[in-house]
file query_17.cif (mmCIF, C-alpha atoms)
data_protein
loop_
_atom_site.group_PDB
_atom_site.id
_atom_site.type_symbol
_atom_site.label_atom_id
_atom_site.label_comp_id
_atom_site.auth_asym_id
_atom_site.auth_seq_id
_atom_site.Cartn_x
_atom_site.Cartn_y
_atom_site.Cartn_z
ATOM 1 C CA MET K 1 8.001 -34.241 -38.456
ATOM 2 C CA LYS K 2 9.825 -31.431 -36.637
ATOM 3 C CA HIS K 3 7.984 -28.976 -34.372
ATOM 4 C CA PHE K 4 9.320 -25.688 -33.041
ATOM 5 C CA LEU K 5 8.731 -23.892 -29.753
ATOM 6 C CA ASP K 6 10.175 -20.572 -28.591
ATOM 7 C CA ILE K 7 10.091 -20.267 -24.796
ATOM 8 C CA THR K 8 12.505 -17.333 -24.496
ATOM 9 C CA ARG K 9 9.710 -14.964 -23.435
ATOM 10 C CA GLU K 10 8.235 -17.404 -20.918
ATOM 11 C CA THR K 11 9.090 -17.574 -17.244
ATOM 12 C CA CYS K 12 8.928 -20.406 -14.723
ATOM 13 C CA PRO K 13 6.854 -22.577 -14.632
ATOM 14 C CA MET K 14 5.457 -21.984 -18.145
ATOM 15 C CA THR K 15 8.828 -22.838 -19.721
ATOM 16 C CA PHE K 16 8.466 -26.494 -18.665
ATOM 17 C CA VAL K 17 4.695 -26.464 -19.003
ATOM 18 C CA LYS K 18 4.725 -25.397 -22.666
ATOM 19 C CA VAL K 19 7.408 -27.969 -23.558
ATOM 20 C CA LYS K 20 5.530 -30.724 -21.730
ATOM 21 C CA LEU K 21 2.178 -29.868 -23.357
ATOM 22 C CA GLN K 22 3.758 -29.630 -26.819
ATOM 23 C CA LEU K 23 5.474 -33.024 -26.395
ATOM 24 C CA ALA K 24 2.188 -34.532 -25.219
ATOM 25 C CA LYS K 25 0.534 -33.473 -28.497
ATOM 26 C CA MET K 26 3.235 -35.081 -30.649
ATOM 27 C CA ASN K 27 3.573 -38.652 -31.876
ATOM 28 C CA ASP K 28 6.418 -40.930 -30.833
ATOM 29 C CA GLY K 29 9.490 -40.415 -32.975
ATOM 30 C CA GLU K 30 8.655 -36.781 -33.817
ATOM 31 C CA GLN K 31 11.156 -34.079 -32.960
ATOM 32 C CA LEU K 32 10.754 -30.804 -31.107
ATOM 33 C CA GLU K 33 13.176 -27.930 -31.459
ATOM 34 C CA VAL K 34 13.084 -25.559 -28.479
ATOM 35 C CA LEU K 35 14.644 -22.105 -28.328
ATOM 36 C CA LEU K 36 15.358 -21.206 -24.707
ATOM 37 C CA ASN K 37 17.325 -18.877 -22.465
ATOM 38 C CA LYS K 38 20.393 -19.692 -20.426
ATOM 39 C CA GLY K 39 19.947 -20.223 -16.695
ATOM 40 C CA GLU K 40 16.917 -22.009 -15.286
ATOM 41 C CA PRO K 41 15.372 -23.123 -18.631
ATOM 42 C CA LEU K 42 18.681 -24.378 -20.050
ATOM 43 C CA ASP K 43 19.607 -26.090 -16.766
ATOM 44 C CA ASN K 44 16.294 -27.848 -16.347
ATOM 45 C CA VAL K 45 14.305 -28.286 -19.577
ATOM 46 C CA PRO K 46 16.758 -30.767 -21.209
ATOM 47 C CA ARG K 47 17.225 -32.605 -17.900
ATOM 48 C CA SER K 48 13.507 -32.969 -17.235
ATOM 49 C CA CYS K 49 12.939 -34.166 -20.823
ATOM 50 C CA GLU K 50 15.568 -36.872 -20.365
ATOM 51 C CA GLU K 51 14.055 -37.876 -17.028
ATOM 52 C CA GLN K 52 10.756 -38.409 -18.824
ATOM 53 C CA GLY K 53 12.386 -40.731 -21.311
ATOM 54 C CA TYR K 54 12.759 -38.327 -24.222
ATOM 55 C CA GLU K 55 16.039 -38.076 -26.050
ATOM 56 C CA VAL K 56 17.895 -34.763 -26.273
ATOM 57 C CA LEU K 57 19.576 -35.030 -29.674
ATOM 58 C CA SER K 58 21.429 -31.711 -29.619
ATOM 59 C CA ASN K 59 21.982 -28.632 -27.501
ATOM 60 C CA GLU K 60 23.648 -25.724 -29.279
ATOM 61 C CA PRO K 61 24.186 -22.061 -28.353
ATOM 62 C CA THR K 62 22.797 -19.534 -30.819
ATOM 63 C CA ASP K 63 24.393 -16.246 -31.925
ATOM 64 C CA ASN K 64 22.137 -14.181 -29.659
ATOM 65 C CA ASP K 65 23.122 -15.897 -26.401
ATOM 66 C CA LYS K 66 20.227 -18.342 -26.365
ATOM 67 C CA HIS K 67 20.213 -22.099 -26.821
ATOM 68 C CA LEU K 68 18.522 -24.380 -29.321
ATOM 69 C CA ILE K 69 17.800 -27.884 -28.165
ATOM 70 C CA LEU K 70 16.393 -30.751 -30.209
ATOM 71 C CA ILE K 71 14.262 -33.329 -28.419
ATOM 72 C CA LYS K 72 13.006 -36.616 -29.829
ATOM 73 C CA LYS K 73 9.795 -37.985 -28.422
ATOM 74 C CA MET D 1 15.163 -55.790 -17.513
ATOM 75 C CA THR D 2 14.739 -52.551 -15.628
ATOM 76 C CA LEU D 3 11.733 -52.098 -13.438
ATOM 77 C CA PRO D 4 9.593 -49.031 -14.154
ATOM 78 C CA ILE D 5 10.348 -46.242 -11.714
ATOM 79 C CA ASP D 6 7.327 -44.941 -9.842
ATOM 80 C CA LYS D 7 6.537 -41.315 -10.504
ATOM 81 C CA LYS D 8 7.447 -38.930 -7.711
ATOM 82 C CA LYS D 9 4.376 -37.580 -5.988
ATOM 83 C CA ILE D 10 3.530 -34.171 -4.599
ATOM 84 C CA SER D 11 0.415 -33.322 -2.622
ATOM 85 C CA ILE D 12 -0.425 -29.707 -1.961
ATOM 86 C CA VAL D 13 -2.875 -28.728 0.749
ATOM 87 C CA CYS D 14 -4.305 -25.456 -0.461
ATOM 88 C CA PHE D 15 -5.799 -23.933 2.685
ATOM 89 C CA SER D 16 -5.247 -20.266 1.962
ATOM 90 C CA GLY D 17 -7.583 -18.455 -0.386
ATOM 91 C CA ASP D 18 -5.093 -15.632 -0.815
ATOM 92 C CA PHE D 19 -4.284 -14.668 -4.382
ATOM 93 C CA ASP D 20 -0.505 -14.744 -3.975
ATOM 94 C CA LYS D 21 -0.515 -18.050 -2.115
ATOM 95 C CA MET D 22 -2.807 -19.537 -4.765
ATOM 96 C CA VAL D 23 -0.290 -18.415 -7.418
ATOM 97 C CA ALA D 24 2.425 -20.195 -5.399
ATOM 98 C CA ALA D 25 0.326 -23.369 -5.111
ATOM 99 C CA PHE D 26 -0.445 -23.492 -8.834
ATOM 100 C CA THR D 27 3.156 -22.610 -9.781
ATOM 101 C CA ILE D 28 4.476 -25.550 -7.763
ATOM 102 C CA ALA D 29 1.679 -27.804 -9.053
ATOM 103 C CA THR D 30 2.214 -27.017 -12.743
ATOM 104 C CA GLY D 31 6.015 -27.032 -12.442
ATOM 105 C CA ALA D 32 5.885 -30.412 -10.729
ATOM 106 C CA ALA D 33 3.401 -31.888 -13.213
ATOM 107 C CA ALA D 34 5.463 -30.616 -16.152
ATOM 108 C CA THR D 35 8.545 -32.308 -14.721
ATOM 109 C CA ASN D 36 6.805 -35.649 -14.537
ATOM 110 C CA ARG D 37 5.473 -35.673 -10.999
ATOM 111 C CA GLU D 38 2.059 -36.877 -9.994
ATOM 112 C CA VAL D 39 0.349 -33.891 -8.396
ATOM 113 C CA THR D 40 -2.744 -33.646 -6.219
ATOM 114 C CA ILE D 41 -4.093 -30.407 -4.772
ATOM 115 C CA PHE D 42 -6.410 -30.785 -1.801
ATOM 116 C CA PHE D 43 -8.456 -27.609 -1.428
ATOM 117 C CA THR D 44 -9.834 -26.820 1.987
ATOM 118 C CA PHE D 45 -11.339 -23.840 3.819
ATOM 119 C CA TRP D 46 -10.552 -20.538 2.064
ATOM 120 C CA GLY D 47 -8.843 -22.487 -0.723
ATOM 121 C CA LEU D 48 -12.259 -23.787 -1.832
ATOM 122 C CA ASN D 49 -13.038 -20.322 -3.213
ATOM 123 C CA ALA D 50 -10.686 -21.016 -6.118
ATOM 124 C CA LEU D 51 -12.816 -23.991 -7.174
ATOM 125 C CA LYS D 52 -16.181 -22.258 -7.315
ATOM 126 C CA LYS D 53 -17.810 -22.513 -10.722
ATOM 127 C CA ASN D 54 -18.948 -18.917 -10.428
ATOM 128 C CA LYS D 55 -15.771 -16.860 -10.208
ATOM 129 C CA GLY D 56 -17.486 -13.739 -8.857
ATOM 130 C CA ARG D 57 -19.516 -13.048 -5.714
ATOM 131 C CA VAL D 58 -22.494 -15.391 -5.366
ATOM 132 C CA ALA D 59 -24.497 -16.182 -2.219
ATOM 133 C CA THR D 60 -23.880 -19.947 -2.370
ATOM 134 C CA GLY D 61 -25.373 -22.128 0.391
ATOM 135 C CA LYS D 62 -28.640 -22.465 2.266
ATOM 136 C CA SER D 63 -28.226 -20.675 5.594
ATOM 137 C CA ILE D 64 -27.900 -16.909 5.889
ATOM 138 C CA LEU D 65 -24.436 -17.265 7.427
ATOM 139 C CA ALA D 66 -23.095 -19.532 4.674
ATOM 140 C CA LYS D 67 -24.603 -17.295 2.005
ATOM 141 C CA THR D 68 -23.009 -14.233 3.595
ATOM 142 C CA PHE D 69 -19.605 -15.905 3.889
ATOM 143 C CA ASN D 70 -19.702 -17.181 0.315
ATOM 144 C CA PHE D 71 -20.869 -13.844 -1.055
ATOM 145 C CA LEU D 72 -18.190 -11.886 0.793
ATOM 146 C CA MET D 73 -15.415 -14.322 -0.152
ATOM 147 C CA GLY D 74 -16.409 -14.656 -3.808
ATOM 148 C CA GLY D 75 -14.544 -16.885 -6.236
ATOM 149 C CA LEU D 76 -11.280 -16.975 -8.173
ATOM 150 C CA ASN D 77 -11.730 -13.367 -9.320
ATOM 151 C CA ASN D 78 -12.056 -12.081 -5.758
ATOM 152 C CA LEU D 79 -9.077 -13.682 -4.048
ATOM 153 C CA PRO D 80 -7.374 -11.055 -1.866
ATOM 154 C CA LEU D 81 -3.641 -10.446 -1.679
ATOM 155 C CA SER D 82 -2.204 -11.675 1.644
ATOM 156 C CA ARG D 83 -0.570 -8.287 2.184
ATOM 157 C CA LEU D 84 -1.408 -4.768 0.975
ATOM 158 C CA ASN D 85 -4.755 -5.883 -0.386
ATOM 159 C CA PHE D 86 -6.219 -2.362 -0.680
ATOM 160 C CA PHE D 87 -9.827 -3.582 -0.697
ATOM 161 C CA GLY D 88 -9.205 -6.027 -3.539
ATOM 162 C CA ALA D 89 -7.457 -3.668 -5.941
ATOM 163 C CA SER D 90 -4.033 -5.241 -5.439
ATOM 164 C CA SER D 91 -4.758 -8.618 -7.041
ATOM 165 C CA LYS D 92 -5.858 -6.785 -10.209
ATOM 166 C CA LEU D 93 -2.716 -4.640 -10.118
ATOM 167 C CA MET D 94 -0.570 -7.710 -9.464
ATOM 168 C CA THR D 95 -2.159 -9.462 -12.478
ATOM 169 C CA MET D 96 -1.289 -6.425 -14.626
ATOM 170 C CA MET D 97 2.311 -6.579 -13.400
ATOM 171 C CA MET D 98 2.470 -10.325 -14.079
ATOM 172 C CA LYS D 99 1.249 -9.792 -17.649
ATOM 173 C CA LYS D 100 3.740 -6.970 -18.173
ATOM 174 C CA HIS D 101 6.600 -9.286 -17.196
ATOM 175 C CA ASN D 102 5.331 -12.317 -19.152
ATOM 176 C CA VAL D 103 4.603 -14.260 -15.997
ATOM 177 C CA ALA D 104 1.635 -16.614 -16.220
ATOM 178 C CA THR D 105 -1.482 -15.170 -14.562
ATOM 179 C CA LEU D 106 -3.522 -17.189 -12.084
ATOM 180 C CA PRO D 107 -6.206 -18.215 -14.649
ATOM 181 C CA GLU D 108 -3.424 -19.304 -17.031
ATOM 182 C CA LEU D 109 -1.790 -21.390 -14.290
ATOM 183 C CA VAL D 110 -5.141 -22.981 -13.416
ATOM 184 C CA GLU D 111 -5.735 -23.824 -17.085
ATOM 185 C CA ALA D 112 -2.222 -25.288 -17.377
ATOM 186 C CA ALA D 113 -2.805 -27.394 -14.252
ATOM 187 C CA HIS D 114 -5.949 -28.872 -15.820
ATOM 188 C CA ALA D 115 -4.134 -29.504 -19.125
ATOM 189 C CA LEU D 116 -1.307 -31.272 -17.288
ATOM 190 C CA GLY D 117 -3.720 -33.525 -15.415
ATOM 191 C CA VAL D 118 -3.134 -32.123 -11.929
ATOM 192 C CA ARG D 119 -5.606 -33.927 -9.677
ATOM 193 C CA ILE D 120 -8.003 -31.552 -7.935
ATOM 194 C CA VAL D 121 -9.825 -32.730 -4.813
ATOM 195 C CA ALA D 122 -11.996 -30.807 -2.368
ATOM 196 C CA CYS D 123 -12.342 -31.152 1.384
ATOM 197 C CA GLU D 124 -15.651 -32.657 2.429
ATOM 198 C CA MET D 125 -15.641 -31.061 5.862
ATOM 199 C CA ALA D 126 -14.947 -27.502 4.678
ATOM 200 C CA MET D 127 -17.600 -27.891 1.976
ATOM 201 C CA ARG D 128 -20.129 -28.916 4.603
ATOM 202 C CA ILE D 129 -19.324 -25.925 6.835
ATOM 203 C CA LEU D 130 -19.552 -23.453 3.969
ATOM 204 C CA GLU D 131 -22.525 -25.297 2.400
ATOM 205 C CA VAL D 132 -20.759 -25.608 -0.933
ATOM 206 C CA GLU D 133 -21.946 -28.555 -3.060
ATOM 207 C CA LYS D 134 -19.890 -30.390 -5.700
ATOM 208 C CA SER D 135 -22.277 -28.915 -8.285
ATOM 209 C CA ASP D 136 -21.183 -25.409 -7.162
ATOM 210 C CA MET D 137 -17.618 -26.204 -8.172
ATOM 211 C CA ILE D 138 -15.735 -26.480 -11.471
ATOM 212 C CA GLU D 139 -16.045 -29.807 -13.262
ATOM 213 C CA GLU D 140 -12.308 -30.501 -12.872
ATOM 214 C CA VAL D 141 -12.904 -31.309 -9.190
ATOM 215 C CA GLU D 142 -12.265 -35.040 -9.377
ATOM 216 C CA ASP D 143 -13.429 -35.996 -5.931
ATOM 217 C CA VAL D 144 -14.689 -34.776 -2.582
ATOM 218 C CA VAL D 145 -12.603 -36.418 0.124
ATOM 219 C CA GLY D 146 -11.805 -36.447 3.824
ATOM 220 C CA VAL D 147 -8.436 -36.211 5.494
ATOM 221 C CA ALA D 148 -8.025 -40.019 5.756
ATOM 222 C CA THR D 149 -8.374 -40.467 1.990
ATOM 223 C CA PHE D 150 -6.050 -37.553 1.376
ATOM 224 C CA LEU D 151 -3.405 -39.021 3.698
ATOM 225 C CA ASN D 152 -3.756 -42.491 2.183
ATOM 226 C CA ASP D 153 -3.363 -41.064 -1.323
ATOM 227 C CA SER D 154 -0.366 -39.016 -0.179
ATOM 228 C CA GLU D 155 1.406 -41.803 1.690
ATOM 229 C CA ASP D 156 4.522 -41.713 -0.488
ATOM 230 C CA ALA D 157 4.218 -38.070 -1.530
ATOM 231 C CA HIS D 158 5.781 -34.847 -0.360
ATOM 232 C CA ILE D 159 3.036 -32.834 1.319
ATOM 233 C CA ILE D 160 3.147 -29.069 0.997
ATOM 234 C CA PHE D 161 0.803 -26.870 3.024
ATOM 235 C CA ILE D 162 -0.051 -23.484 1.554
#

call {"tool": "encode", "arguments": {"input": "query_17.cif", "output": "structure tokens"}}
result
Amino acid sequence: MKHFLDITRETCPMTFVKVKLQLAKMNDGEQLEVLLNKGEPLDNVPRSCEEQGYEVLSNEPTDNDKHLILIKK
Amino acid sequence: MTLPIDKKKISIVCFSGDFDKMVAAFTIATGAAATNREVTIFFTFWGLNALKKNKGRVATGKSILAKTFNFLMGGLNNLPLSRLNFFGASSKLMTMMMKKHNVATLPELVEAAHALGVRIVACEMAMRILEVEKSDMIEEVEDVVGVATFLNDSEDAHIIFI
């Protein structure tokens, strides 16, 4: 199952917090697609997910200057 | 075989009961917990006001002095700004500005901290001075501890004093 989270309107620290809480609700093997802004969220959300043992499957820029990352729990 | 890596630990001493400093404490706490750190906040002195079950002004305590102090300080809704407080109006105005800019408000940060499992402990000595009982505080207060316990628990943690 694939979940989706848009954190483009969030600011630090709720960017990480919302991703972390969403991942906590999901089962192992499920995927989470996160839409985020460049800068702090893009620099740190994928990195902190990997540090916690989750797999970042893809990280692609979108047309409107944002990024879409896919994380596997 | 790789050995499991211990989680990094952060301990925050929340001494100040100022609104802006409380926002800083909870921002660091939630950010750290969300990035896989084990976080403890040790609330002491003015910081205890943020843990009171009743978030407004209540004359908690037994003695007249304690009741007066607790009434005047109030709870989470009465935390003053450390600068330009304007008799308490500024924290309300600051909350409005935070909402306008999509920045998490203090109650939202507190809620996130609880959801992320940030450990909340209260200082036994400050509670005794201010005559605040554990039953006067929010149920998320995990323990009432002294400085020795706090230091033992924080042995391999970064300690931040706010």

call {"tool": "closest_residue", "arguments": {"input": "query_17.cif", "among": "D:Asp20, D:Leu130, D:Ile64, D:Val39", "to": "D:Arg83", "atoms": "only C-alpha atoms"}}
result
D:Asp20

call {"tool": "interface_residues", "arguments": {"input": "query_17.cif", "of": "chain D", "to": "chain K", "cutoff": "6 Å", "atoms": "all atoms listed in the file", "output": "ChimeraX atom specification"}}
result
/D:31,34-35,103

call {"tool": "write_last_selection", "arguments": {"input": "query_17.cif", "atoms": "C-alpha atoms", "output": "compact mmCIF listing (two decimals), keeping the file's coordinate frame"}}
result
# COMPACT_ATOMS: atom_id res chain seq x y z
CA GLY D 31 6.02 -27.03 -12.44
CA ALA D 34 5.46 -30.62 -16.15
CA THR D 35 8.54 -32.31 -14.72
CA VAL D 103 4.60 -14.26 -16.00

call {"tool": "residues_around", "arguments": {"input": "query_17.cif", "residues": "stretch 152-162 of chain D", "least_positions_apart": "5", "cutoff": "7 Å", "atoms": "only C-alpha atoms", "output": "PyMOL selection string"}}
result
chain D and resi 9-16+21+25

call {"tool": "resolve_selection", "arguments": {"input": "query_17.cif", "expression": "the PyMOL selection byres ((chain D and resi 61) around 6)", "output": "MDAnalysis selection string"}}
result
chainID D and resid 60 62 66:67 131:132

call {"tool": "atom_distance", "arguments": {"input": "query_17.cif", "atom1": "atom CA of D:Val147", "atom2": "atom CA of D:Leu116"}}
result
24.4 Å

call {"tool": "resolve_selection", "arguments": {"input": "query_17.cif", "expression": "the PyMOL selection byres ((chain D and resi 114) around 12)", "output": "PyMOL selection string"}}
result
(chain K and resi 17+21) or (chain D and resi 26+29-30+33-34+39-41+107-113+115-120+138-142)

call {"tool": "write_last_selection", "arguments": {"input": "query_17.cif", "atoms": "C-alpha atoms", "output": "PDB file, keeping the file's coordinate frame"}}
result
ATOM      1  CA  VAL K  17       4.695 -26.464 -19.003  1.00  0.00           C
ATOM      2  CA  LEU K  21       2.178 -29.868 -23.357  1.00  0.00           C
TER       3      LEU K  21
ATOM      4  CA  PHE D  26      -0.445 -23.492  -8.834  1.00  0.00           C
ATOM      5  CA  ALA D  29       1.679 -27.804  -9.053  1.00  0.00           C
ATOM      6  CA  THR D  30       2.214 -27.017 -12.743  1.00  0.00           C
ATOM      7  CA  ALA D  33       3.401 -31.888 -13.213  1.00  0.00           C
ATOM      8  CA  ALA D  34       5.463 -30.616 -16.152  1.00  0.00           C
ATOM      9  CA  VAL D  39       0.349 -33.891  -8.396  1.00  0.00           C
ATOM     10  CA  THR D  40      -2.744 -33.646  -6.219  1.00  0.00           C
ATOM     11  CA  ILE D  41      -4.093 -30.407  -4.772  1.00  0.00           C
ATOM     12  CA  PRO D 107      -6.206 -18.215 -14.649  1.00  0.00           C
ATOM     13  CA  GLU D 108      -3.424 -19.304 -17.031  1.00  0.00           C
ATOM     14  CA  LEU D 109      -1.790 -21.390 -14.290  1.00  0.00           C
ATOM     15  CA  VAL D 110      -5.141 -22.981 -13.416  1.00  0.00           C
ATOM     16  CA  GLU D 111      -5.735 -23.824 -17.085  1.00  0.00           C
ATOM     17  CA  ALA D 112      -2.222 -25.288 -17.377  1.00  0.00           C
ATOM     18  CA  ALA D 113      -2.805 -27.394 -14.252  1.00  0.00           C
ATOM     19  CA  ALA D 115      -4.134 -29.504 -19.125  1.00  0.00           C
ATOM     20  CA  LEU D 116      -1.307 -31.272 -17.288  1.00  0.00           C
ATOM     21  CA  GLY D 117      -3.720 -33.525 -15.415  1.00  0.00           C
ATOM     22  CA  VAL D 118      -3.134 -32.123 -11.929  1.00  0.00           C
ATOM     23  CA  ARG D 119      -5.606 -33.927  -9.677  1.00  0.00           C
ATOM     24  CA  ILE D 120      -8.003 -31.552  -7.935  1.00  0.00           C
ATOM     25  CA  ILE D 138     -15.735 -26.480 -11.471  1.00  0.00           C
ATOM     26  CA  GLU D 139     -16.045 -29.807 -13.262  1.00  0.00           C
ATOM     27  CA  GLU D 140     -12.308 -30.501 -12.872  1.00  0.00           C
ATOM     28  CA  VAL D 141     -12.904 -31.309  -9.190  1.00  0.00           C
ATOM     29  CA  GLU D 142     -12.265 -35.040  -9.377  1.00  0.00           C
TER      30      GLU D 142
END

call {"tool": "closest_residue", "arguments": {"input": "query_17.cif", "among": "D:Ser135, D:Asn77, D:Asn85, D:Thr27", "to": "D:Lys55", "atoms": "all atoms listed in the file"}}
result
D:Asn77

call {"tool": "atom_distance", "arguments": {"input": "query_17.cif", "atom1": "atom CA of D:Lys52", "atom2": "atom CA of D:Ser82"}}
result
19.7 Å

call {"tool": "atom_distance", "arguments": {"input": "query_17.cif", "atom1": "atom CA of D:Leu51", "atom2": "atom CA of D:Ala126"}}
result
12.5 Å

call {"tool": "resolve_selection", "arguments": {"input": "query_17.cif", "expression": "the PyMOL selection byres ((chain K and resi 36-43) around 6)", "output": "PDB file with C-alpha atoms, in the coordinates of the input"}}
result
ATOM      1  CA  ILE K   7      10.091 -20.267 -24.796  1.00  0.00           C
ATOM      2  CA  THR K   8      12.505 -17.333 -24.496  1.00  0.00           C
ATOM      3  CA  LEU K  35      14.644 -22.105 -28.328  1.00  0.00           C
ATOM      4  CA  ASN K  44      16.294 -27.848 -16.347  1.00  0.00           C
ATOM      5  CA  VAL K  45      14.305 -28.286 -19.577  1.00  0.00           C
ATOM      6  CA  LYS K  66      20.227 -18.342 -26.365  1.00  0.00           C
ATOM      7  CA  HIS K  67      20.213 -22.099 -26.821  1.00  0.00           C
TER       8      HIS K  67
END

call {"tool": "axis_aligned_box", "arguments": {"input": "query_17.cif", "around": "stretch 49-54 of chain K", "padding_each_side": "6 Å", "output": "lines of an AutoDock Vina configuration file"}}
result
center_x = 13.2
center_y = -37.4
center_z = -20.6
size_x = 16.8
size_y = 18.6
size_z = 19.2

call {"tool": "residues_near_point", "arguments": {"input": "query_17.cif", "point": "(15.2, -36.1, -28.4)", "cutoff": "9 Å", "atoms": "only C-alpha atoms", "output": "CSV table (one decimal) with C-alpha atoms, in the coordinates of the input"}}
result
chain,number,residue,atom,x,y,z
K,29,GLY,CA,9.5,-40.4,-33.0
K,30,GLU,CA,8.7,-36.8,-33.8
K,31,GLN,CA,11.2,-34.1,-33.0
K,32,LEU,CA,10.8,-30.8,-31.1
K,33,GLU,CA,13.2,-27.9,-31.5
K,49,CYS,CA,12.9,-34.2,-20.8
K,50,GLU,CA,15.6,-36.9,-20.4
K,53,GLY,CA,12.4,-40.7,-21.3
K,54,TYR,CA,12.8,-38.3,-24.2
K,55,GLU,CA,16.0,-38.1,-26.0
K,56,VAL,CA,17.9,-34.8,-26.3
K,57,LEU,CA,19.6,-35.0,-29.7
K,58,SER,CA,21.4,-31.7,-29.6
K,69,ILE,CA,17.8,-27.9,-28.2
K,70,LEU,CA,16.4,-30.8,-30.2
K,71,ILE,CA,14.3,-33.3,-28.4
K,72,LYS,CA,13.0,-36.6,-29.8
K,73,LYS,CA,9.8,-38.0,-28.4

call {"tool": "decode", "arguments": {"input": "query_17.cif", "residues": "stretch 129-135 of chain D", "atoms": "all heavy atoms", "output": "PDB file, in the first residue's frame"}}
result
ATOM      1  N   ILE D 129       9.170  23.170  46.347  1.00  0.00           N
ATOM      2  CA  ILE D 129       9.172  24.611  46.661  1.00  0.00           C
ATOM      3  C   ILE D 129       7.828  25.239  46.271  1.00  0.00           C
ATOM      4  O   ILE D 129       7.224  25.991  47.033  1.00  0.00           O
ATOM      5  CB  ILE D 129      10.307  25.341  45.902  1.00  0.00           C
ATOM      6  CG1 ILE D 129      11.667  24.853  46.370  1.00  0.00           C
ATOM      7  CG2 ILE D 129      10.203  26.859  46.097  1.00  0.00           C
ATOM      8  CD1 ILE D 129      12.827  25.354  45.520  1.00  0.00           C
ATOM      9  N   LEU D 130       7.376  24.903  45.075  1.00  0.00           N
ATOM     10  CA  LEU D 130       6.156  25.537  44.557  1.00  0.00           C
ATOM     11  C   LEU D 130       4.883  24.790  44.969  1.00  0.00           C
ATOM     12  O   LEU D 130       3.782  25.178  44.582  1.00  0.00           O
ATOM     13  CB  LEU D 130       6.244  25.642  43.029  1.00  0.00           C
ATOM     14  CG  LEU D 130       7.359  26.585  42.536  1.00  0.00           C
ATOM     15  CD1 LEU D 130       7.656  26.369  41.060  1.00  0.00           C
ATOM     16  CD2 LEU D 130       6.980  28.044  42.785  1.00  0.00           C
ATOM     17  N   GLU D 131       5.071  23.716  45.758  1.00  0.00           N
ATOM     18  CA  GLU D 131       3.951  22.908  46.266  1.00  0.00           C
ATOM     19  C   GLU D 131       3.063  22.401  45.128  1.00  0.00           C
ATOM     20  O   GLU D 131       1.838  22.454  45.205  1.00  0.00           O
ATOM     21  CB  GLU D 131       3.150  23.704  47.306  1.00  0.00           C
ATOM     22  CG  GLU D 131       3.994  24.070  48.520  1.00  0.00           C
ATOM     23  CD  GLU D 131       3.270  24.937  49.543  1.00  0.00           C
ATOM     24  OE1 GLU D 131       2.032  25.003  49.486  1.00  0.00           O
ATOM     25  OE2 GLU D 131       3.958  25.527  50.388  1.00  0.00           O
ATOM     26  N   VAL D 132       3.721  21.941  44.087  1.00  0.00           N
ATOM     27  CA  VAL D 132       3.002  21.341  42.955  1.00  0.00           C
ATOM     28  C   VAL D 132       3.133  19.823  43.080  1.00  0.00           C
ATOM     29  O   VAL D 132       4.235  19.303  43.224  1.00  0.00           O
ATOM     30  CB  VAL D 132       3.605  21.816  41.604  1.00  0.00           C
ATOM     31  CG1 VAL D 132       2.947  21.113  40.440  1.00  0.00           C
ATOM     32  CG2 VAL D 132       3.463  23.326  41.460  1.00  0.00           C
ATOM     33  N   GLU D 133       1.997  19.126  43.082  1.00  0.00           N
ATOM     34  CA  GLU D 133       2.004  17.658  43.199  1.00  0.00           C
ATOM     35  C   GLU D 133       1.988  17.041  41.791  1.00  0.00           C
ATOM     36  O   GLU D 133       1.591  17.703  40.832  1.00  0.00           O
ATOM     37  CB  GLU D 133       0.747  17.180  43.946  1.00  0.00           C
ATOM     38  CG  GLU D 133       0.560  17.780  45.321  1.00  0.00           C
ATOM     39  CD  GLU D 133       1.551  17.239  46.344  1.00  0.00           C
ATOM     40  OE1 GLU D 133       1.995  16.086  46.161  1.00  0.00           O
ATOM     41  OE2 GLU D 133       1.886  17.977  47.281  1.00  0.00           O
ATOM     42  N   LYS D 134       2.338  15.754  41.718  1.00  0.00           N
ATOM     43  CA  LYS D 134       2.299  15.064  40.417  1.00  0.00           C
ATOM     44  C   LYS D 134       0.864  15.080  39.860  1.00  0.00           C
ATOM     45  O   LYS D 134       0.656  15.173  38.656  1.00  0.00           O
ATOM     46  CB  LYS D 134       2.817  13.625  40.548  1.00  0.00           C
ATOM     47  CG  LYS D 134       3.045  12.957  39.199  1.00  0.00           C
ATOM     48  CD  LYS D 134       3.926  11.738  39.311  1.00  0.00           C
ATOM     49  CE  LYS D 134       4.294  11.176  37.944  1.00  0.00           C
ATOM     50  NZ  LYS D 134       3.243  10.459  37.271  1.00  0.00           N
ATOM     51  N   SER D 135      -0.113  15.012  40.780  1.00  0.00           N
ATOM     52  CA  SER D 135      -1.515  15.009  40.346  1.00  0.00           C
ATOM     53  C   SER D 135      -1.951  16.370  39.771  1.00  0.00           C
ATOM     54  O   SER D 135      -2.996  16.475  39.149  1.00  0.00           O
ATOM     55  CB  SER D 135      -2.425  14.630  41.516  1.00  0.00           C
ATOM     56  OG  SER D 135      -2.195  15.523  42.582  1.00  0.00           O
TER      57      SER D 135
END
